[in-house]
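Asks: data15.pdb is the file, holding PDB, C-alpha atoms:
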```pdb
ATOM      1  CA  MET A   1      98.730 122.976 121.496
ATOM      2  CA  PHE A   2      97.812 125.230 118.559
ATOM      3  CA  HIS A   3      99.760 123.016 116.106
ATOM      4  CA  ARG A   4      98.015 119.875 117.368
ATOM      5  CA  CYS A   5      94.592 121.520 116.932
ATOM      6  CA  LEU A   6      95.573 122.706 113.454
ATOM      7  CA  ALA A   7      96.684 119.181 112.494
ATOM      8  CA  HIS A   8      93.404 117.690 113.711
ATOM      9  CA  ALA A   9      91.437 120.340 111.818
ATOM     10  CA  LEU A  10      93.330 119.608 108.595
ATOM     11  CA  LEU A  11      92.719 115.867 108.985
ATOM     12  CA  ALA A  12      89.025 116.509 109.558
ATOM     13  CA  LEU A  13      88.864 118.596 106.385
ATOM     14  CA  GLY A  14      90.354 115.791 104.306
ATOM     15  CA  GLY A  15      94.033 116.632 104.539
ATOM     16  CA  GLY A  16      94.736 113.030 105.562
ATOM     17  CA  GLY A  17      93.325 111.684 102.286
ATOM     18  CA  ALA A  18      96.563 112.450 100.493
ATOM     19  CA  LEU A  19      98.245 109.700 102.516
ATOM     20  CA  ALA A  20      96.137 106.929 100.953
ATOM     21  CA  ALA A  21      97.840 104.898  98.223
ATOM     22  CA  ASP A  22      95.982 104.636  94.947
ATOM     23  CA  LEU A  23      96.168 103.193  91.467
ATOM     24  CA  SER A  24      94.655 105.091  88.544
ATOM     25  CA  VAL A  25      94.184 103.964  84.968
ATOM     26  CA  SER A  26      93.498 106.245  82.030
ATOM     27  CA  VAL A  27      92.061 104.568  78.922
ATOM     28  CA  GLU A  28      91.657 106.407  75.639
ATOM     29  CA  ILE A  29      89.025 105.214  73.169
ATOM     30  CA  PRO A  30      90.180 106.688  69.845
ATOM     31  CA  GLN A  31      88.024 108.068  67.055
ATOM     32  CA  ILE A  32      88.266 105.564  64.205
ATOM     33  CA  PRO A  33      87.277 106.891  60.758
ATOM     34  CA  VAL A  34      85.091 104.032  59.492
ATOM     35  CA  ALA A  35      81.636 103.927  57.930
ATOM     36  CA  GLU A  36      80.186 101.560  60.559
ATOM     37  CA  TYR A  37      81.507 102.478  63.997
ATOM     38  CA  HIS A  38      80.652 100.478  67.114
ATOM     39  CA  ARG A  39      81.863 101.275  70.614
ATOM     40  CA  PRO A  40      84.419  98.707  71.773
ATOM     41  CA  TYR A  41      83.981  96.155  74.527
ATOM     42  CA  VAL A  42      86.832  96.747  76.997
ATOM     43  CA  ALA A  43      88.212  94.707  79.897
ATOM     44  CA  VAL A  44      90.710  96.154  82.374
ATOM     45  CA  TRP A  45      92.414  93.839  84.839
ATOM     46  CA  ILE A  46      95.564  93.119  86.793
ATOM     47  CA  GLU A  47      97.334  89.862  86.059
ATOM     48  CA  ASP A  48      99.938  88.143  88.211
ATOM     49  CA  SER A  49     103.261  86.703  87.060
ATOM     50  CA  SER A  50     101.522  83.526  85.826
ATOM     51  CA  GLN A  51      99.167  85.706  83.707
ATOM     52  CA  ALA A  52      96.137  84.758  85.818
ATOM     53  CA  ILE A  53      93.648  87.479  86.742
ATOM     54  CA  ALA A  54      94.599  88.867  90.150
ATOM     55  CA  ALA A  55      91.940  91.612  90.096
ATOM     56  CA  ASN A  56      89.243  92.664  87.644
ATOM     57  CA  LEU A  57      89.028  96.453  87.461
ATOM     58  CA  ALA A  58      86.423  97.135  84.742
ATOM     59  CA  VAL A  59      84.436  95.444  81.989
ATOM     60  CA  TRP A  60      82.586  97.689  79.564
ATOM     61  CA  TYR A  61      80.046  96.097  77.231
ATOM     62  CA  GLN A  62      76.635  96.749  75.709
ATOM     63  CA  VAL A  63      74.325  96.303  78.674
ATOM     64  CA  ARG A  64      70.999  96.718  76.840
ATOM     65  CA  GLY A  65      69.569  93.407  75.708
ATOM     66  CA  ASP A  66      71.602  90.213  75.995
ATOM     67  CA  HIS A  67      74.939  91.346  74.652
ATOM     68  CA  THR A  68      76.918  89.315  77.190
ATOM     69  CA  LYS A  69      77.193  86.661  74.461
ATOM     70  CA  TRP A  70      79.911  88.843  72.885
ATOM     71  CA  LEU A  71      82.083  88.974  76.022
ATOM     72  CA  PRO A  72      84.090  85.903  74.862
ATOM     73  CA  ASP A  73      85.412  88.144  72.047
ATOM     74  CA  LEU A  74      87.578  89.716  74.769
ATOM     75  CA  ARG A  75      89.660  86.585  74.315
ATOM     76  CA  GLN A  76      92.519  87.085  76.751
ATOM     77  CA  TRP A  77      90.283  88.296  79.568
ATOM     78  CA  TRP A  78      87.694  85.584  78.893
ATOM     79  CA  ARG A  79      90.221  82.727  78.864
ATOM     80  CA  ARG A  80      92.018  83.937  81.986
ATOM     81  CA  GLY A  81      88.875  84.078  84.107
ATOM     82  CA  GLY A  82      86.220  86.298  82.587
ATOM     83  CA  ARG A  83      84.083  83.262  81.809
ATOM     84  CA  ASP A  84      83.862  82.557  85.552
ATOM     85  CA  LEU A  85      82.423  86.006  86.270
ATOM     86  CA  LYS A  86      78.649  86.261  86.618
ATOM     87  CA  VAL A  87      77.822  89.609  85.003
ATOM     88  CA  PRO A  88      76.648  92.231  85.728
ATOM     89  CA  VAL A  89      78.849  92.992  88.733
ATOM     90  CA  ASP A  90      78.142  96.180  90.662
ATOM     91  CA  GLY A  91      81.079  98.574  90.455
ATOM     92  CA  LEU A  92      82.900  96.460  87.856
ATOM     93  CA  THR A  93      80.748  96.100  84.756
ATOM     94  CA  GLY A  94      79.181  98.942  82.858
ATOM     95  CA  ALA A  95      78.164 100.290  79.497
ATOM     96  CA  THR A  96      80.589 100.782  76.638
ATOM     97  CA  ARG A  97      82.296 104.154  76.626
ATOM     98  CA  PRO A  98      82.331 106.788  73.873
ATOM     99  CA  VAL A  99      85.411 108.185  72.166
ATOM    100  CA  GLY A 100      87.640 110.035  74.640
ATOM    101  CA  GLN A 101      89.694 109.631  77.830
ATOM    102  CA  HIS A 102      88.256 107.598  80.693
ATOM    103  CA  LEU A 103      89.764 107.563  84.187
ATOM    104  CA  LEU A 104      89.460 104.720  86.686
ATOM    105  CA  LYS A 105      90.719 105.247  90.228
ATOM    106  CA  PHE A 106      91.191 102.620  92.940
ATOM    107  CA  ASP A 107      92.134 102.907  96.608
ATOM    108  CA  ALA A 108      94.892 100.451  97.525
ATOM    109  CA  ALA A 109      93.268  99.787 100.908
ATOM    110  CA  LYS A 110      89.950  98.682  99.365
ATOM    111  CA  ALA A 111      88.825  95.818  97.127
ATOM    112  CA  PRO A 112      89.930  94.736  94.606
ATOM    113  CA  LEU A 113      93.476  95.965  95.351
ATOM    114  CA  SER A 114      93.533  95.189  99.076
ATOM    115  CA  SER A 115      93.878  91.439  98.387
ATOM    116  CA  LEU A 116      96.946  91.753  96.116
ATOM    117  CA  GLU A 117     100.029  90.024  97.529
ATOM    118  CA  PRO A 118     103.439  91.696  97.109
ATOM    119  CA  GLY A 119     104.951  90.881  93.728
ATOM    120  CA  GLN A 120     105.188  91.603  90.024
ATOM    121  CA  TYR A 121     101.978  92.351  88.137
ATOM    122  CA  ALA A 122     100.797  93.793  84.851
ATOM    123  CA  LEU A 123      97.886  96.068  84.100
ATOM    124  CA  VAL A 124      96.116  94.713  81.021
ATOM    125  CA  VAL A 125      93.589  96.590  78.888
ATOM    126  CA  GLU A 126      91.910  94.630  76.102
ATOM    127  CA  ALA A 127      89.481  96.066  73.555
ATOM    128  CA  VAL A 128      87.479  94.463  70.774
ATOM    129  CA  ARG A 129      85.032  96.107  68.419
ATOM    130  CA  GLU A 130      82.317  94.695  66.182
ATOM    131  CA  VAL A 131      83.338  95.110  62.543
ATOM    132  CA  GLY A 132      86.713  96.143  63.914
ATOM    133  CA  GLY A 133      89.781  94.696  65.486
ATOM    134  CA  ARG A 134      91.191  93.498  68.777
ATOM    135  CA  GLU A 135      94.002  94.927  70.845
ATOM    136  CA  ALA A 136      95.542  94.249  74.251
ATOM    137  CA  LEU A 137      98.098  96.448  76.003
ATOM    138  CA  ARG A 138     100.207  95.620  79.095
ATOM    139  CA  ILE A 139     102.014  97.773  81.622
ATOM    140  CA  PRO A 140     104.157  95.929  84.191
ATOM    141  CA  PHE A 141     104.408  97.189  87.775
ATOM    142  CA  GLU A 142     105.426  96.118  91.256
ATOM    143  CA  TRP A 143     103.053  95.827  94.216
ATOM    144  CA  PRO A 144     102.823  97.308  96.793
ATOM    145  CA  ILE A 145     103.365 100.850  95.603
ATOM    146  CA  LYS A 146     106.748 102.079  96.834
ATOM    147  CA  ALA A 147     107.189 105.220  94.776
ATOM    148  CA  GLN A 148     105.101 107.431  92.571
ATOM    149  CA  LYS A 149     105.130 106.049  89.041
ATOM    150  CA  ARG A 150     103.480 106.844  85.725
ATOM    151  CA  GLU A 151     103.817 104.484  82.779
ATOM    152  CA  SER A 152     101.961 104.645  79.497
ATOM    153  CA  VAL A 153     101.643 102.730  76.261
ATOM    154  CA  LYS A 154      99.892 103.650  73.037
ATOM    155  CA  GLY A 155      97.635 101.377  71.078
ATOM    156  CA  SER A 156      97.675 101.208  67.318
ATOM    157  CA  LYS A 157      94.075 100.243  66.468
ATOM    158  CA  GLU A 158      91.329  99.916  69.049
ATOM    159  CA  LEU A 159      93.009 101.714  71.945
ATOM    160  CA  GLY A 160      94.712 105.074  72.181
ATOM    161  CA  ALA A 161      96.947 105.971  75.112
ATOM    162  CA  VAL A 162      96.658 103.816  78.228
ATOM    163  CA  ALA A 163      98.363 105.137  81.348
ATOM    164  CA  LEU A 164      98.954 103.643  84.790
ATOM    165  CA  MET A 165      99.524 106.043  87.681
ATOM    166  CA  LEU A 166     100.689 104.672  91.044
ATOM    167  CA  ASN A 167     100.722 106.915  94.113
ATOM    168  CA  PRO A 168     102.103 105.620  97.436
TER     169      PRO A 168
END
```
For this file, write the structure as structure tokens.

Replies:
Amino acid sequence: MFHRCLAHALLALGGGGALAADLSVSVEIPQIPVAEYHRPYVAVWIEDSSQAIAANLAVWYQVRGDHTKWLPDLRQWWRRGGRDLKVPVDGLTGATRPVGQHLLKFDAAKAPLSSLEPGQYALVVEAVREVGGREALRIPFEWPIKAQKRESVKGSKELGAVALMLNP
């Protein structure tokens, strides 16, 4: 009886939260030593085996004024489905990020991940910067999450380290 009460108490305090599967993405915006620095526009999405967007995770752009006209510069994201997105989208779009590490965390049981079918996917992070360059990085993974996994890639221009963490 005592053990059952203890288990219920732990669940009530949040002990059951560790059982939820999640996907986390860490994106590094590097410091670039240039005279005219602009924060990059960044799109983060999951693409399926046909390279179509299976889930949009984040789109960071200049939200003051009408800067959506520059979203097509995120060429891969735009061509694969970004143009069909009516921005802003609550919980998806947001302001550009400063230099540093930025963490995105998603619950596998909630949108946008809950609609993913089992299969092979790739996390894609694309960045473009005014008076700068363009870069896209991919990390392949299998869905649903079967085992804890951490994969990372390093950009060479507009992105620093990008890491994908999967927790079953």

Asks: How big is the axis-aligned box around the listed atoms of segment 138-157 of chain A once 8 Å is added on each side, and where is its centre? Give both in Å to one decimal, as JSON.

Replies:
```
{"center_x": 100.6, "center_y": 101.5, "center_z": 81.7, "size_x": 29.1, "size_y": 27.8, "size_z": 46.4}
```

Asks: Starting from the PyMOL selection byres ((chain A and resi 82-99) around 6), expand the selection into actual residues of this file and give them as a ChimeraX atom specification.

Replies: /A:29-31,58-63,77-78,81,100

Asks: Considering all atoms listed in the file, state which residue in the set A:Glu158, A:Ile53, A:Gly119, A:Ile32 is at the smallest distance from Lys146 of chain A.

Replies: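 Among A:Glu158, A:Ile53, A:Gly119, A:Ile32, it is A:Gly119 that comes nearest to Lys146 of chain A.
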
Asks: Expressed in Å to a single decimal, how great is the separation between atom CA of Ala52 of chain A and atom CA of Val125 of chain A?

Replies: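 Atom CA of Ala52 of chain A sits 13.9 Å away from atom CA of Val125 of chain A.
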
Asks: Give me, please, the distance in Å between atom CA of Ser24 of chain A and atom CA of Gly132 of chain A, quoted to one decimal.

Replies: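 About the pair atom CA of Ser24 of chain A and atom CA of Gly132 of chain A: they are 27.4 Å apart.
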